[in-house]
$ cat start-v3.cif   # mmCIF, C-alpha atoms
data_final
loop_
_atom_site.label_atom_id
_atom_site.label_comp_id
_atom_site.auth_asym_id
_atom_site.auth_seq_id
_atom_site.Cartn_x
_atom_site.Cartn_y
_atom_site.Cartn_z
CA MET A 9 106.04 67.72 89.36
CA ASN A 10 106.59 71.32 88.28
CA GLU A 11 109.75 73.38 88.35
CA ASP A 12 109.07 74.49 91.91
CA ASN A 13 109.01 70.87 93.05
CA THR A 14 105.54 71.23 94.36
CA ASN A 15 102.73 68.83 93.68
CA PRO A 16 100.12 69.81 91.11
CA PRO A 17 97.08 71.28 92.82
CA ALA A 18 93.72 69.54 92.52
CA ALA A 19 92.13 71.35 89.62
CA ARG A 20 88.38 70.86 89.80
CA GLU A 21 87.35 74.02 91.61
CA GLY A 22 88.66 76.76 93.83
CA PRO A 23 92.25 77.40 94.76
CA GLY A 24 93.68 74.38 92.94
CA ARG A 25 92.19 75.48 89.68
CA ASP A 26 93.42 79.05 90.22
CA LEU A 27 96.94 77.82 91.00
CA LEU A 28 97.11 75.69 87.89
CA ILE A 29 95.95 78.57 85.71
CA ALA A 30 98.43 80.92 87.40
CA ARG A 31 101.33 78.51 86.87
CA ILE A 32 100.49 78.11 83.20
CA VAL A 33 100.10 81.86 82.68
CA ASP A 34 103.44 82.46 84.40
CA GLY A 35 105.21 79.73 82.46
CA ALA A 36 105.90 77.90 85.71
CA ALA A 37 103.80 74.80 85.03
CA GLY A 38 105.60 71.46 84.86
CA PRO A 39 104.43 68.26 83.10
CA GLU A 40 102.46 67.20 86.17
CA ASP A 41 100.61 70.49 86.20
CA TRP A 42 99.72 70.13 82.53
CA ARG A 43 98.46 66.59 83.10
CA ALA A 44 96.34 67.82 85.99
CA PHE A 45 95.03 70.66 83.84
CA ARG A 46 94.04 68.31 80.98
CA ARG A 47 92.27 65.99 83.42
CA ALA A 48 90.37 68.96 84.79
CA ALA A 49 89.49 70.16 81.29
CA GLU A 50 88.01 66.78 80.38
CA GLY A 51 85.46 67.21 83.16
CA ASP A 52 85.03 70.96 82.77
CA PRO A 53 85.94 72.49 79.39
CA ALA A 54 85.16 75.95 80.82
CA ILE A 55 88.61 75.87 82.38
CA TRP A 56 90.04 76.60 78.91
CA LYS A 57 88.06 79.81 78.78
CA ASP A 58 89.30 80.78 82.25
CA LEU A 59 92.85 80.10 81.11
CA GLY A 60 92.38 82.19 77.97
CA ASP A 61 90.85 85.05 79.95
CA ALA A 62 93.62 84.88 82.54
CA GLN A 63 96.34 84.93 79.88
CA LEU A 64 94.81 87.86 78.04
CA GLN A 65 94.24 89.82 81.23
CA HIS A 66 97.78 89.17 82.43
CA GLU A 67 99.13 90.36 79.09
CA LEU A 68 97.02 93.53 79.06
CA LEU A 69 97.68 94.26 82.72
CA CYS A 70 101.42 93.86 82.20
CA GLU A 71 101.37 96.18 79.18
CA SER A 72 99.56 98.77 81.25
CA VAL A 73 101.88 98.37 84.26
CA ARG A 74 104.96 98.56 82.04
CA GLU A 75 103.60 101.67 80.34
CA ALA A 76 102.95 103.35 83.71
CA ALA A 77 106.22 102.14 85.24
CA ALA A 78 108.18 103.53 82.29
CA THR A 79 107.68 106.90 83.98
CA ALA A 80 110.44 105.72 86.29
CA ASP A 81 113.00 105.84 83.49
CA ALA A 82 112.90 109.62 83.62
CA VAL A 83 113.52 109.75 87.35
CA ASP A 84 117.20 109.80 88.23
CA LEU A 85 118.77 110.16 91.61
CA PRO A 86 119.01 113.80 92.69
CA LEU A 87 122.36 115.41 91.93
CA VAL A 88 122.33 117.21 95.24
CA VAL A 89 120.57 115.85 98.28
CA PRO A 90 119.22 118.81 100.22
CA ASP A 91 120.00 118.74 103.89
CA ASP A 92 116.65 119.54 105.38
CA ALA A 93 117.47 118.45 108.93
CA PRO A 94 117.09 121.94 110.41
CA MET A 95 113.80 122.32 108.54
CA GLN A 96 112.68 118.90 109.74
CA ARG A 97 113.38 119.85 113.33
CA ARG A 98 111.23 122.92 112.91
CA LEU A 99 108.48 120.93 111.25
CA ASP A 100 108.63 118.40 114.08
CA GLY A 101 108.27 121.28 116.47
CA LEU A 102 105.23 122.51 114.61
CA ALA A 103 103.74 119.02 114.62
CA ARG A 104 104.15 118.90 118.38
CA TRP A 105 102.12 122.07 118.61
CA GLY A 106 99.47 120.46 116.47
CA GLY A 107 96.31 122.48 116.37
CA TRP A 108 97.95 125.53 117.88
CA ALA A 109 99.79 126.19 114.64
CA VAL A 110 96.48 126.17 112.83
CA ALA A 111 94.98 128.44 115.42
CA ALA A 112 97.85 130.84 115.06
CA ALA A 113 97.24 130.95 111.33
CA LEU A 114 93.64 131.83 112.02
CA LEU A 115 94.72 134.74 114.13
CA LEU A 116 96.99 136.06 111.44
CA ILE A 117 94.14 136.03 108.99
CA TRP A 118 91.66 137.73 111.27
CA SER A 119 93.89 140.22 112.95
CA THR A 120 94.83 142.38 110.01
CA GLY A 121 96.03 145.64 111.39
CA THR A 122 96.70 144.24 114.85
CA PRO A 123 100.27 144.95 115.88
CA LEU A 124 102.40 141.85 116.24
CA LEU A 125 104.59 141.50 119.28
CA ASN A 126 107.73 140.61 117.39
CA GLN A 127 110.84 142.13 118.91
CA ASN A 128 112.03 142.87 115.38
CA GLN A 129 108.74 144.34 114.41
CA GLY A 130 110.22 146.96 112.15
CA ALA A 131 112.31 144.40 110.38
CA VAL A 132 109.36 142.06 110.05
CA GLN A 133 107.33 144.70 108.35
CA GLN A 134 110.19 145.38 106.04
CA ALA A 135 110.37 141.72 105.18
CA GLY A 136 106.68 141.47 104.51
CA LEU A 137 106.33 144.76 102.71
CA LEU A 138 109.54 145.44 100.91
CA PRO A 139 109.47 148.87 99.32
CA MET A 140 108.38 148.62 95.70
CA GLY A 141 111.32 150.54 94.37
CA PRO A 142 112.42 150.31 90.80
CA ALA A 143 114.82 147.47 91.49
CA LEU A 144 112.10 145.20 92.86
CA SER A 145 109.58 146.17 90.24
CA GLU A 146 112.05 145.18 87.58
CA ALA A 147 112.97 141.92 89.26
CA THR A 148 111.80 138.64 87.80
CA PRO A 149 109.32 136.67 89.94
CA ASP A 150 112.11 134.28 90.97
CA GLU A 151 114.39 137.15 91.95
CA ALA A 152 111.62 138.83 93.89
CA MET A 153 110.81 135.56 95.65
CA GLU A 154 114.46 135.04 96.52
CA ARG A 155 114.65 138.55 97.93
CA TYR A 156 111.55 137.95 100.01
CA LEU A 157 113.01 134.70 101.38
CA ASN A 158 116.36 136.28 102.19
CA ALA A 159 114.87 139.38 103.78
CA GLY A 160 112.40 137.22 105.67
CA ARG A 161 115.17 135.04 107.04
CA VAL A 162 117.16 138.05 108.17
CA ALA A 163 114.09 139.48 109.89
CA GLY A 164 113.17 136.17 111.50
CA LEU A 165 109.88 136.06 109.62
CA VAL A 166 110.75 133.27 107.18
CA ILE A 167 111.99 129.94 108.48
CA GLY A 168 112.53 128.48 105.02
CA GLU A 169 110.92 126.83 102.07
CA VAL A 170 109.75 123.21 102.25
CA PRO A 171 112.00 121.37 99.78
CA ASP A 172 109.24 119.29 98.21
CA ARG A 173 107.09 121.02 95.65
CA PRO A 174 103.95 118.91 95.29
CA ILE A 175 102.73 118.69 91.72
CA VAL A 176 99.09 119.64 91.52
CA GLU A 177 98.45 119.13 87.88
CA THR A 178 100.19 118.66 84.55
CA ALA A 179 98.70 119.21 81.15
CA PRO A 180 100.13 119.02 77.65
CA LEU A 181 99.96 122.23 75.64
CA ALA A 182 99.35 122.55 71.94
CA ASP A 183 102.93 123.65 71.25
CA GLY A 184 104.35 120.41 72.65
CA THR A 185 105.36 121.83 76.01
CA ILE A 186 103.87 120.76 79.32
CA GLU A 187 102.13 123.02 81.79
CA VAL A 188 102.94 122.13 85.39
CA PHE A 189 101.09 123.45 88.43
CA TYR A 190 102.85 122.99 91.72
CA ILE A 191 102.83 124.34 95.25
CA ARG A 192 105.66 126.23 96.91
CA GLN A 193 105.38 126.11 100.66
CA ILE A 194 107.04 128.77 102.79
CA ILE A 195 107.21 128.38 106.55
CA GLU A 196 106.85 131.74 108.23
CA ARG A 197 107.03 132.72 111.86
CA ARG A 198 105.14 135.34 113.84
CA VAL A 199 105.13 136.21 117.51
CA THR A 200 101.79 137.07 119.01
CA ASP A 201 99.99 137.23 122.34
CA ARG A 202 96.64 136.16 120.98
CA ILE A 203 95.68 132.71 119.80
CA TYR A 204 92.28 131.47 118.69
CA ARG A 205 90.97 128.03 118.02
CA GLU A 206 88.44 126.98 115.45
CA SER A 207 85.01 126.13 116.73
CA ILE A 208 81.41 125.93 115.56
CA ASP A 209 78.69 128.11 117.07
CA GLU A 210 75.11 127.10 117.75
CA HIS A 211 74.14 127.97 114.17
CA GLY A 212 76.82 125.71 112.73
CA ARG A 213 79.03 128.61 111.68
CA ALA A 214 82.80 128.55 112.02
CA VAL A 215 83.94 130.92 114.76
CA ALA A 216 87.26 131.79 116.39
CA VAL A 217 87.38 131.25 120.14
CA PRO A 218 90.16 132.93 122.17
CA VAL A 219 92.55 130.55 123.86
CA HIS A 220 94.22 131.42 127.17
CA MET A 221 97.99 131.53 126.99
CA SER A 222 98.19 129.23 130.01
CA GLN A 223 96.49 126.46 127.99
CA ILE A 224 99.04 126.81 125.22
CA HIS A 225 101.97 126.68 127.61
CA SER A 226 100.57 123.61 129.30
CA ALA A 227 100.00 121.87 125.91
CA HIS A 228 103.52 122.70 124.85
CA THR A 229 105.15 121.34 127.98
CA ASN A 230 103.10 118.11 128.02
CA MET B 22 118.65 82.85 88.58
CA ASP B 23 118.66 86.56 89.43
CA GLU B 24 116.77 88.78 87.00
CA TRP B 25 118.37 91.96 88.35
CA GLN B 26 121.25 93.56 86.52
CA THR B 27 122.89 94.78 89.71
CA ASN B 28 124.15 92.09 92.01
CA ARG B 29 124.77 91.85 95.72
CA ALA B 30 128.24 93.38 95.39
CA ALA B 31 126.86 96.44 93.59
CA ILE B 32 124.25 96.88 96.29
CA ALA B 33 126.95 96.55 98.96
CA SER B 34 129.00 99.25 97.20
CA ALA B 35 125.95 101.50 97.00
CA ILE B 36 125.32 101.06 100.70
CA ALA B 37 128.97 101.83 101.39
CA GLY B 38 128.62 105.18 99.66
CA ASP B 39 129.64 104.49 96.06
CA ARG B 40 127.55 107.04 94.17
CA GLU B 41 127.92 105.36 90.76
CA ALA B 42 126.88 102.01 92.21
CA LEU B 43 123.85 103.66 93.77
CA ARG B 44 122.90 105.13 90.40
CA ALA B 45 123.14 101.71 88.77
CA VAL B 46 121.11 100.11 91.55
CA TRP B 47 118.42 102.77 91.25
CA ALA B 48 118.30 102.44 87.44
CA ASP B 49 117.84 98.70 87.88
CA HIS B 50 115.12 98.98 90.51
CA ARG B 51 113.12 102.06 89.59
CA ARG B 52 110.52 100.31 87.43
CA TRP B 53 110.04 97.79 90.18
CA VAL B 54 109.60 100.64 92.65
CA ALA B 55 107.07 102.16 90.24
CA ALA B 56 105.05 98.95 90.29
CA ILE B 57 105.03 98.95 94.09
CA LEU B 58 103.93 102.59 94.12
CA LEU B 59 101.18 101.80 91.62
CA ALA B 60 99.95 99.09 93.94
CA HIS B 61 99.80 101.36 96.97
CA LYS B 62 99.38 104.96 95.88
CA SER B 63 96.10 106.81 95.98
CA ARG B 64 94.52 107.51 92.64
CA GLU B 65 95.29 111.21 92.88
CA ALA B 66 98.95 110.86 93.81
CA ASP B 67 101.39 111.49 91.00
CA LEU B 68 103.64 108.53 90.25
CA GLU B 69 106.61 110.62 89.16
CA ASP B 70 106.47 112.74 92.31
CA LEU B 71 106.43 109.61 94.43
CA LEU B 72 109.36 108.15 92.51
CA GLN B 73 111.34 111.32 93.14
CA THR B 74 110.58 111.09 96.83
CA VAL B 75 111.72 107.46 96.94
CA ALA B 76 114.89 108.39 95.03
CA LEU B 77 115.59 111.11 97.57
CA GLN B 78 115.00 108.72 100.48
CA LEU B 79 117.29 106.22 98.82
CA CYS B 80 120.12 108.78 98.66
CA ARG B 81 119.57 109.89 102.22
CA LYS B 82 119.09 106.59 103.97
CA VAL B 83 120.66 103.78 101.98
CA ASP B 84 123.58 103.77 104.41
CA GLU B 85 121.16 102.62 107.10
CA VAL B 86 120.76 99.26 105.35
CA ARG B 87 122.99 96.84 107.17
CA ASP B 88 122.84 93.84 104.83
CA PRO B 89 122.71 93.89 101.00
CA ASP B 90 120.18 91.05 101.14
CA ALA B 91 117.87 93.33 103.10
CA PHE B 92 118.09 96.09 100.51
CA ARG B 93 115.08 95.12 98.38
CA PRO B 94 112.71 94.60 101.31
CA TRP B 95 113.94 97.93 102.68
CA LEU B 96 113.45 99.74 99.37
CA ARG B 97 110.00 98.18 99.06
CA MET B 98 109.05 99.50 102.50
CA VAL B 99 110.32 102.97 101.58
CA ALA B 100 108.11 102.86 98.47
CA VAL B 101 105.07 101.54 100.34
CA ASN B 102 105.39 104.16 103.08
CA THR B 103 105.96 106.94 100.56
CA ALA B 104 102.90 105.95 98.56
CA ARG B 105 100.68 105.74 101.61
CA ALA B 106 101.86 108.91 103.34
CA GLU B 107 102.37 111.21 100.39
CA GLY B 108 99.43 109.80 98.52
CA ARG B 109 97.14 110.93 101.30
CA SER B 110 98.62 114.40 101.72
CA ARG B 111 98.91 115.08 97.99
CA SER B 112 95.37 113.95 97.50
CA ARG B 113 94.18 116.47 100.06
CA ALA B 114 96.31 119.25 98.57
CA ARG B 115 95.16 118.50 95.05
CA GLN B 116 91.51 118.31 95.97
CA GLY B 117 91.76 121.65 97.74
CA PHE B 118 93.49 123.25 94.80
CA LEU B 119 91.08 121.82 92.29
CA ARG B 120 88.19 123.23 94.24
CA LEU B 121 89.90 126.60 94.25
CA VAL B 122 90.56 126.88 90.55
CA GLY B 123 87.57 124.85 89.39
CA ARG B 124 89.55 122.37 87.35
CA THR B 125 88.69 118.78 86.72
CA SER B 126 91.03 116.01 87.75
CA PRO B 127 94.09 115.34 85.58
CA GLU B 128 92.80 111.87 84.77
CA GLN B 129 89.95 113.53 82.94
CA THR B 130 91.99 116.20 81.13
CA TRP B 131 94.90 114.11 79.92
CA SER B 132 94.35 112.25 76.72
CA ASP B 133 96.83 109.93 75.05
CA PRO B 134 97.34 110.53 71.37
CA ILE B 135 96.82 106.96 70.23
CA ASP B 136 95.72 107.03 66.64
CA ASP B 137 95.20 103.35 66.05
CA GLU B 138 91.75 102.41 67.29
CA GLY B 139 92.62 98.79 68.07
CA ARG B 140 95.68 99.79 70.02
CA ALA B 141 93.70 102.43 71.85
CA ASP B 142 91.07 99.88 72.81
CA ARG B 143 93.72 97.47 74.01
CA ALA B 144 95.49 100.19 75.98
CA GLU B 145 92.20 101.34 77.46
CA HIS B 146 91.33 97.78 78.43
CA GLY B 147 94.76 97.42 80.06
CA ARG B 148 94.37 100.64 82.02
CA ARG B 149 90.94 99.55 83.16
CA LEU B 150 92.40 96.26 84.35
CA LEU B 151 95.11 98.16 86.20
CA ASP B 152 92.43 100.26 87.89
CA LEU B 153 90.56 97.10 88.84
CA ALA B 154 93.76 95.43 90.05
CA ARG B 155 94.34 98.38 92.34
CA THR B 156 91.01 97.71 94.04
CA LEU B 157 92.10 94.21 95.06
CA PRO B 158 92.77 93.67 98.76
CA ASP B 159 96.16 94.58 100.24
CA GLY B 160 98.60 91.77 99.75
CA TYR B 161 97.09 90.62 96.45
CA ARG B 162 97.60 93.57 94.15
CA GLU B 163 101.28 94.10 94.86
CA PRO B 164 102.58 90.65 93.85
CA LEU B 165 100.27 90.74 90.85
CA LEU B 166 101.80 94.00 89.63
CA MET B 167 105.33 92.93 90.52
CA ARG B 168 104.93 89.92 88.24
CA CYS B 169 104.51 92.38 85.39
CA VAL B 170 107.82 94.15 85.92
CA GLY B 171 110.86 92.34 84.65
CA GLY B 172 109.16 88.97 85.04
CA MET B 173 109.98 88.69 88.72
CA SER B 174 109.75 85.11 89.92
CA TYR B 175 107.59 84.01 92.85
CA ARG B 176 110.79 83.56 94.82
CA GLN B 177 112.02 87.09 94.14
CA ILE B 178 108.66 88.59 94.98
CA GLY B 179 108.57 86.54 98.18
CA ALA B 180 112.05 87.74 99.14
CA ALA B 181 111.09 91.37 98.61
CA MET B 182 107.80 91.05 100.48
CA ASP B 183 109.20 88.79 103.18
CA LEU B 184 106.67 86.09 102.30
CA PRO B 185 107.06 82.38 101.55
CA GLU B 186 107.13 81.57 97.84
CA THR B 187 104.00 79.42 98.15
CA THR B 188 102.09 82.33 99.70
CA VAL B 189 103.09 84.57 96.80
CA GLU B 190 101.95 81.94 94.32
CA THR B 191 98.61 81.55 96.08
CA ARG B 192 98.07 85.31 96.25
CA ILE B 193 98.83 85.77 92.57
CA ALA B 194 96.49 82.92 91.66
CA ARG B 195 93.68 84.26 93.83
CA GLY B 196 94.35 87.83 92.76
CA ARG B 197 93.95 86.84 89.12
CA ARG B 198 90.70 85.04 89.85
CA MET B 199 89.37 88.10 91.69
CA LEU B 200 90.44 90.26 88.77
CA ARG B 201 88.62 87.97 86.29
CA GLU B 202 85.51 88.16 88.41
CA LEU B 203 85.71 91.94 88.75
CA ALA B 204 86.22 92.40 85.00
CA SER B 205 83.42 89.98 84.22
CA SER B 206 81.08 91.72 86.63
CA GLU B 207 81.95 95.10 85.14
CA THR B 208 81.36 93.84 81.60
CA GLU B 209 78.03 92.39 82.69
CA GLN B 210 76.96 95.71 84.19
CA ALA B 211 78.02 97.62 81.10
CA ARG B 212 75.99 95.34 78.78
CA PRO B 213 72.95 97.11 77.24
CA GLY B 214 69.81 96.01 79.02
CA ALA B 215 71.65 94.77 82.08
CA LEU B 216 70.02 97.37 84.27
CA ALA B 217 66.68 97.04 82.56
CA GLY B 218 66.45 93.36 83.43
CA GLU B 219 66.84 92.24 79.80
CA ALA B 220 63.11 91.97 79.42
#
$ encode --input "start-v3.cif" --output "structure tokens"
Amino acid sequence: MNEDNTNPPAAREGPGRDLLIARIVDGAAGPEDWRAFRRAAEGDPAIWKDLGDAQLQHELLCESVREAAATADAVDLPLVVPDDAPMQRRLDGLARWGGWAVAAALLLIWSTGTPLLNQNQGAVQQAGLLPMGPALSEATPDEAMERYLNAGRVAGLVIGEVPDRPIVETAPLADGTIEVFYIRQIIERRVTDRIYRESIDEHGRAVAVPVHMSQIHSAHTN
Amino acid sequence: MDEWQTNRAAIASAIAGDREALRAVWADHRRWVAAILLAHKSREADLEDLLQTVALQLCRKVDEVRDPDAFRPWLRMVAVNTARAEGRSRSRARQGFLRLVGRTSPEQTWSDPIDDEGRADRAEHGRRLLDLARTLPDGYREPLLMRCVGGMSYRQIGAAMDLPETTVETRIARGRRMLRELASSETEQARPGALAGEA
């Protein structure tokens, strides 16, 4: 009987043999298990090799897991938990629109110069193209970004920044510092009367196909 | 015997809103969470990013846990869901970015400064085993990796995964056999002459 009060598994082949090896590796084998193991080894000495391999692999695997999991020691709970509920509601709204959001993005790319139908058009343009006066030109990138976000919010162009900043890549530098590449995601808003969807023409090329506004309204209400 | 430093009372306090208790509970569980993430994350997903996401979810939603005994299964599910969901999206984002800037994957650019050759070999062997372990079927790799963190018992793993202890034991035993076979097969393929038929 082992410490789990379970009977020793038959050890010749298959699951019983695996269980015995596992119990020994994990230090969970009782006297009965050891007796069963020795009986099995008398008939098949190769079981010793399997045990040795299993013990070594468990040890190496655990070292590797512990090394990787040690990353966790540097991760503390956030000091401030951002309240992203309003953002989440907007993202949920975008998800409901599904492909239409993508299509709208297509339009924005391909309609350079096309007037947008935003009621605050003047303000939108100000938000997107803030005058490059001396103050802005002297601003740090973070200050300039903050000004863009604030002006965009006021103008209704910027909804907000997604709180998560996905890490794209990290690399150690020669001076001991670490270079981190990450993505900042800004949710913007535009009002338009033209929407296109992605499609493929007969030559396999990507094309933009106009979508009737009635289709969009019906998709939104369904 | 409970291997965790934080007990049921500490977890109950954390759930009730005690910030210090929550910190202690997180400090006690984060390596375990890391092992779960390792078992479920995509290769491209960054472990530290995922841990930060789980930590954030813990702060936001721990008050939804009704029973301290349900805390570990709940935290495990948060980790599993985070690894699966964010792993996929981050993988897509990273692949897109890497195509844009023409960089290779971080796994290829990062090198560990291990000067001792024997230690480096051992560490490399361990990492290779971890890679192989992560190819095991769902349900096998997680208990195998959990066993490596804090020496979790079969019973504790079973409680966290909502599985009977005997099932955990069987999965660990079978998982190890599969890992031995995978490693053996890989060694066989890497042997000189293996592809040439050893003629």
$ resolve_selection --input "start-v3.cif" --expression "the PyMOL selection byres ((chain A) within 6 of (chain B))" --output "PyMOL selection string"
chain A and resi 26-27+30+68-70+72+77+80+85+176
$ resolve_selection --input "start-v3.cif" --expression "the PyMOL selection byres ((chain A and resi 198) around 7)" --output "PDB file with C-alpha atoms, in the coordinates of the input"
ATOM      1  CA  ASN A 126     107.730 140.610 117.390  1.00  0.00           C
ATOM      2  CA  LEU A 165     109.880 136.060 109.620  1.00  0.00           C
ATOM      3  CA  GLU A 196     106.850 131.740 108.230  1.00  0.00           C
ATOM      4  CA  ARG A 197     107.030 132.720 111.860  1.00  0.00           C
ATOM      5  CA  VAL A 199     105.130 136.210 117.510  1.00  0.00           C
ATOM      6  CA  THR A 200     101.790 137.070 119.010  1.00  0.00           C
TER       7      THR A 200
END
$ atom_distance --input "start-v3.cif" --atom1 "CA of Glu202 (chain B)" --atom2 "CA of Asp61 (chain A)"
10.5 Å
$ atom_distance --input "start-v3.cif" --atom1 "CA of Tyr190 (chain A)" --atom2 "CA of Ile167 (chain A)"
20.3 Å
$ resolve_selection --input "start-v3.cif" --expression "the PyMOL selection byres ((chain B and resi 27) around 12)" --output "number ranges by chain"
B: 23-26, 28-35, 41-50, 89, 92-93
$ atom_distance --input "start-v3.cif" --atom1 "CA of Gly160 (chain A)" --atom2 "CA of Met221 (chain A)"
26.4 Å
$ closest_residue --input "start-v3.cif" --among "A:Val33, A:Ile203, A:Ala147, A:Val219" --to "Glu67 (chain A)" --atoms "only C-alpha atoms"
A:Val33
$ closest_residue --input "start-v3.cif" --among "A:Asp201, A:Arg47, A:Ile32, A:Gly38" --to "Leu59 (chain A)" --atoms "only C-alpha atoms"
A:Ile32
$ build_atoms --input "start-v3.cif" --residues "region 52-64 of chain B" --atoms "N, CA and C atoms" --output "CSV table (one decimal), in the coordinates of the input"
chain,number,residue,atom,x,y,z
B,52,ARG,N,111.8,100.8,88.0
B,52,ARG,CA,110.5,100.3,87.4
B,52,ARG,C,109.8,99.4,88.4
B,53,TRP,N,110.6,98.6,89.1
B,53,TRP,CA,110.0,97.8,90.2
B,53,TRP,C,109.4,98.6,91.3
B,54,VAL,N,110.1,99.7,91.7
B,54,VAL,CA,109.6,100.6,92.6
B,54,VAL,C,108.3,101.3,92.1
B,55,ALA,N,108.3,101.6,90.8
B,55,ALA,CA,107.1,102.2,90.2
B,55,ALA,C,105.9,101.2,90.4
B,56,ALA,N,106.1,99.9,90.2
B,56,ALA,CA,105.0,99.0,90.3
B,56,ALA,C,104.5,98.9,91.7
B,57,ILE,N,105.4,99.0,92.7
B,57,ILE,CA,105.0,99.0,94.1
B,57,ILE,C,104.2,100.2,94.4
B,58,LEU,N,104.7,101.3,93.9
B,58,LEU,CA,103.9,102.6,94.1
B,58,LEU,C,102.6,102.5,93.5
B,59,LEU,N,102.5,101.9,92.3
B,59,LEU,CA,101.2,101.8,91.6
B,59,LEU,C,100.2,101.0,92.5
B,60,ALA,N,100.8,100.0,93.1
B,60,ALA,CA,100.0,99.1,93.9
B,60,ALA,C,99.4,99.8,95.2
B,61,HIS,N,100.1,100.8,95.7
B,61,HIS,CA,99.8,101.4,97.0
B,61,HIS,C,99.4,102.8,96.9
B,62,LYS,N,99.7,103.5,95.9
B,62,LYS,CA,99.4,105.0,95.9
B,62,LYS,C,97.9,105.2,95.7
B,63,SER,N,97.5,106.4,96.2
B,63,SER,CA,96.1,106.8,96.0
B,63,SER,C,96.0,107.2,94.5
B,64,ARG,N,94.8,107.2,94.0
B,64,ARG,CA,94.5,107.5,92.6
B,64,ARG,C,95.0,108.9,92.2
